[in-house]
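A quick write-up on the structure given underneath.
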Amino acid sequence: MGVVAEVESRLAELRARRAEGTRTSVLTHVAWAPPQWADAARATLAGLEELHPSRTILLFPQPRGRAGVDADVKLRCFTIPGSRREVCSEVVELRLGGSRVHVPGSVVQPLLITDLPAFCRWRGLPPWGAPELEQLVEACDRLVVDSAEWRGLPKAYAELEALFDRIAVSDIAWGRGLRWRARLATLWPEIRSVERLSVTGPKADALLLAGWLRSRLKREVTLTHRSASELERVAVDGEQVPPPPGAPPTPSDLLSAELDVFGRDPIYEAAVRAA
């Protein structure tokens, strides 16, 4: 039995055992997670399942392993408040060994749920032009990245830009900056004359904030960046911007927000070009 047939058979068996479970998938969620990102991918998934019941396909590339594909299939169900029925998400873990790392499309394509959107969350820096990335770009409707996970910024944004006409792109780093962009927007019209933006936070978040300002103002704005694990401080021309209220969103919250978006984001794309 092939891997795809094995997975489908196992899913059917699990659903049959949960006769009262309701399969209400709203999308297919594909996640490419190299070994260093495997735990983070599983943790983020755990916070998503109740909000976005889906078929999740976790791809764990193991290029040094033996050639082949090993599958693990699970059904995770949650009780609907006020009801005895359940919402169930399907989780398919695929370990791609050896040469199979470079052909994920052959397994993913037949497992996508027909007529539902397919999102690909790529952990780490994508290998631009590599067959594994090319195949998933062709198979999915939206690519979700977090450019804070990348080295080589801002140069890597030019590689990302080349994908904009092929697949809708979301960036978790862009989502983290939403509250700060709202704060900066309240400084209109005085912010029209800003010359210098200072940001303490991840480099990607800082670059996208500066790119957003440049693209909106249609002129150069100098960026001064100080590294930190989270967006902590933003200042314009030396004047600190009041921080947004409340705690920053969790990784699951940020990915959940991206899974509600289906089209291209021209403002984000302009910010990437300006970054």
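All residue names refer to the structure tokens as shown: chains lettered A, B, ... in order, residues numbered from 1 in each chain, ligands numbered from 1 in order.
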Give the strand (DSSP E) residues of stretch 99-271 of chain A, as assigned by DSSP on the backbone, as a ChimeraX atom specification.
/A:118-122,142-145,168-171,196-201,222-227,233-236,239-240
Quick one: residues within 7 Å of stretch 24-41 of chain A, only C-alpha atoms counted, chain neighbours fewer than 3 positions away excluded, as an MDAnalysis selection string?
chainID A and resid 44:45 52:61 87:89 112:113 116:123
From the list A:Ala275, A:Leu259, A:Leu94, A:Val103, which residue is nearest A:Trp212 when using only C-alpha atoms?
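With only C-alpha atoms as the atom set, the closest residue is A:Ala275.
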Near-A:Pro251 list (12 Å; only C-alpha atoms; drop same-chain fewer than 5 positions) as an MDAnalysis selection string
chainID A and resid 40:48 145:146 171:173 175:176 230 256:258
Point-to-point distance from atom CA of A:Glu6 to atom CA of A:Ala130, Å rounded to tenths:
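These atoms are spaced 27.6 Å apart.
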If you count only C-alpha atoms, which residues fall within 7 Å of A:Glu195, apart from same-chain ones fewer than 4 positions away, as an MDAnalysis selection string?
chainID A and resid 221:222 237
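Using only C-alpha atoms, the contacts of A:Trp180 at a cut-off of 8 Å, with sequence neighbours closer than 4 positions omitted, comprise Leu184, Val234, Pro243 and Pro244 of chain A.
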Just the residues within 12 Å of A:Val73, please, counting only C-alpha atoms, with nothing from its chain fewer than 2 positions along; format it as JSON, numbers by chain.
{"A": [3, 4, 6, 7, 8, 9, 10, 11, 12, 13, 14, 15, 55, 56, 57, 58, 70, 71, 75, 76, 89, 90, 91, 92, 93, 94, 95]}
Find the distance between atom CA of A:Lys203 and atom CA of A:Ala168 and write it in Å to one decimal.
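For atom CA of A:Lys203 relative to atom CA of A:Ala168, the distance reads 22.8 Å.
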Would you please give, as a ChimeraX atom specification, all residues of stretch 6-69 of chain A that DSSP assigns to alpha helix (DSSP H) based on the backbone?
/A:6-17,38-46
With N, CA and C atoms retained, write the just-selected residues as a tab-separated table (two decimals), in the first residue's frame.
```tsv
chain	number	residue	atom	x	y	z
A	6	GLU	N	-2.30	4.58	2.51
A	6	GLU	CA	-2.19	4.21	3.92
A	6	GLU	C	-2.74	5.32	4.82
A	7	VAL	N	-2.39	6.57	4.52
A	7	VAL	CA	-2.88	7.69	5.32
A	7	VAL	C	-4.39	7.82	5.23
A	8	GLU	N	-4.94	7.76	4.02
A	8	GLU	CA	-6.39	7.88	3.85
A	8	GLU	C	-7.12	6.75	4.56
A	9	SER	N	-6.59	5.53	4.48
A	9	SER	CA	-7.21	4.40	5.16
A	9	SER	C	-7.20	4.58	6.66
A	10	ARG	N	-6.09	5.06	7.18
A	10	ARG	CA	-5.99	5.27	8.63
A	10	ARG	C	-6.92	6.39	9.10
A	11	LEU	N	-7.04	7.45	8.33
A	11	LEU	CA	-7.96	8.53	8.69
A	11	LEU	C	-9.40	8.04	8.70
A	12	ALA	N	-9.77	7.25	7.69
A	12	ALA	CA	-11.14	6.71	7.64
A	12	ALA	C	-11.42	5.83	8.84
A	13	GLU	N	-10.42	5.05	9.23
A	13	GLU	CA	-10.58	4.16	10.40
A	13	GLU	C	-10.77	4.97	11.68
A	14	LEU	N	-9.97	6.02	11.84
A	14	LEU	CA	-10.09	6.86	13.04
A	14	LEU	C	-11.43	7.57	13.10
A	15	ARG	N	-11.90	8.07	11.95
A	15	ARG	CA	-13.20	8.75	11.93
A	15	ARG	C	-14.34	7.79	12.25
A	16	ALA	N	-14.22	6.57	11.78
A	16	ALA	CA	-15.26	5.57	12.04
A	16	ALA	C	-15.35	5.26	13.53
A	17	ARG	N	-14.22	5.28	14.22
A	17	ARG	CA	-14.22	5.01	15.66
A	17	ARG	C	-14.88	6.15	16.44
A	38	ALA	N	10.80	21.41	14.65
A	38	ALA	CA	9.74	20.42	14.84
A	38	ALA	C	8.92	20.70	16.10
A	39	ASP	N	9.57	20.94	17.22
A	39	ASP	CA	8.84	21.17	18.48
A	39	ASP	C	8.01	22.44	18.40
A	40	ALA	N	8.57	23.49	17.81
A	40	ALA	CA	7.82	24.75	17.69
A	40	ALA	C	6.61	24.57	16.80
A	41	ALA	N	6.74	23.78	15.73
A	41	ALA	CA	5.61	23.54	14.83
A	41	ALA	C	4.48	22.82	15.55
A	42	ARG	N	4.82	21.81	16.34
A	42	ARG	CA	3.80	21.07	17.08
A	42	ARG	C	3.14	21.96	18.13
A	43	ALA	N	3.92	22.79	18.82
A	43	ALA	CA	3.36	23.67	19.85
A	43	ALA	C	2.40	24.69	19.25
A	44	THR	N	2.77	25.27	18.11
A	44	THR	CA	1.89	26.23	17.45
A	44	THR	C	0.61	25.56	16.99
A	45	LEU	N	0.73	24.35	16.46
A	45	LEU	CA	-0.44	23.60	16.01
A	45	LEU	C	-1.42	23.36	17.15
A	46	ALA	N	-0.89	23.05	18.34
A	46	ALA	CA	-1.77	22.75	19.48
A	46	ALA	C	-2.68	23.92	19.83
```
Find the spatial neighbours of A:Arg64, counting only C-alpha atoms, within a cut-off of 9 Å - ignore same-chain residues fewer than 5 positions away - and output them as JSON, numbers by chain.
{"A": [97, 98, 99]}
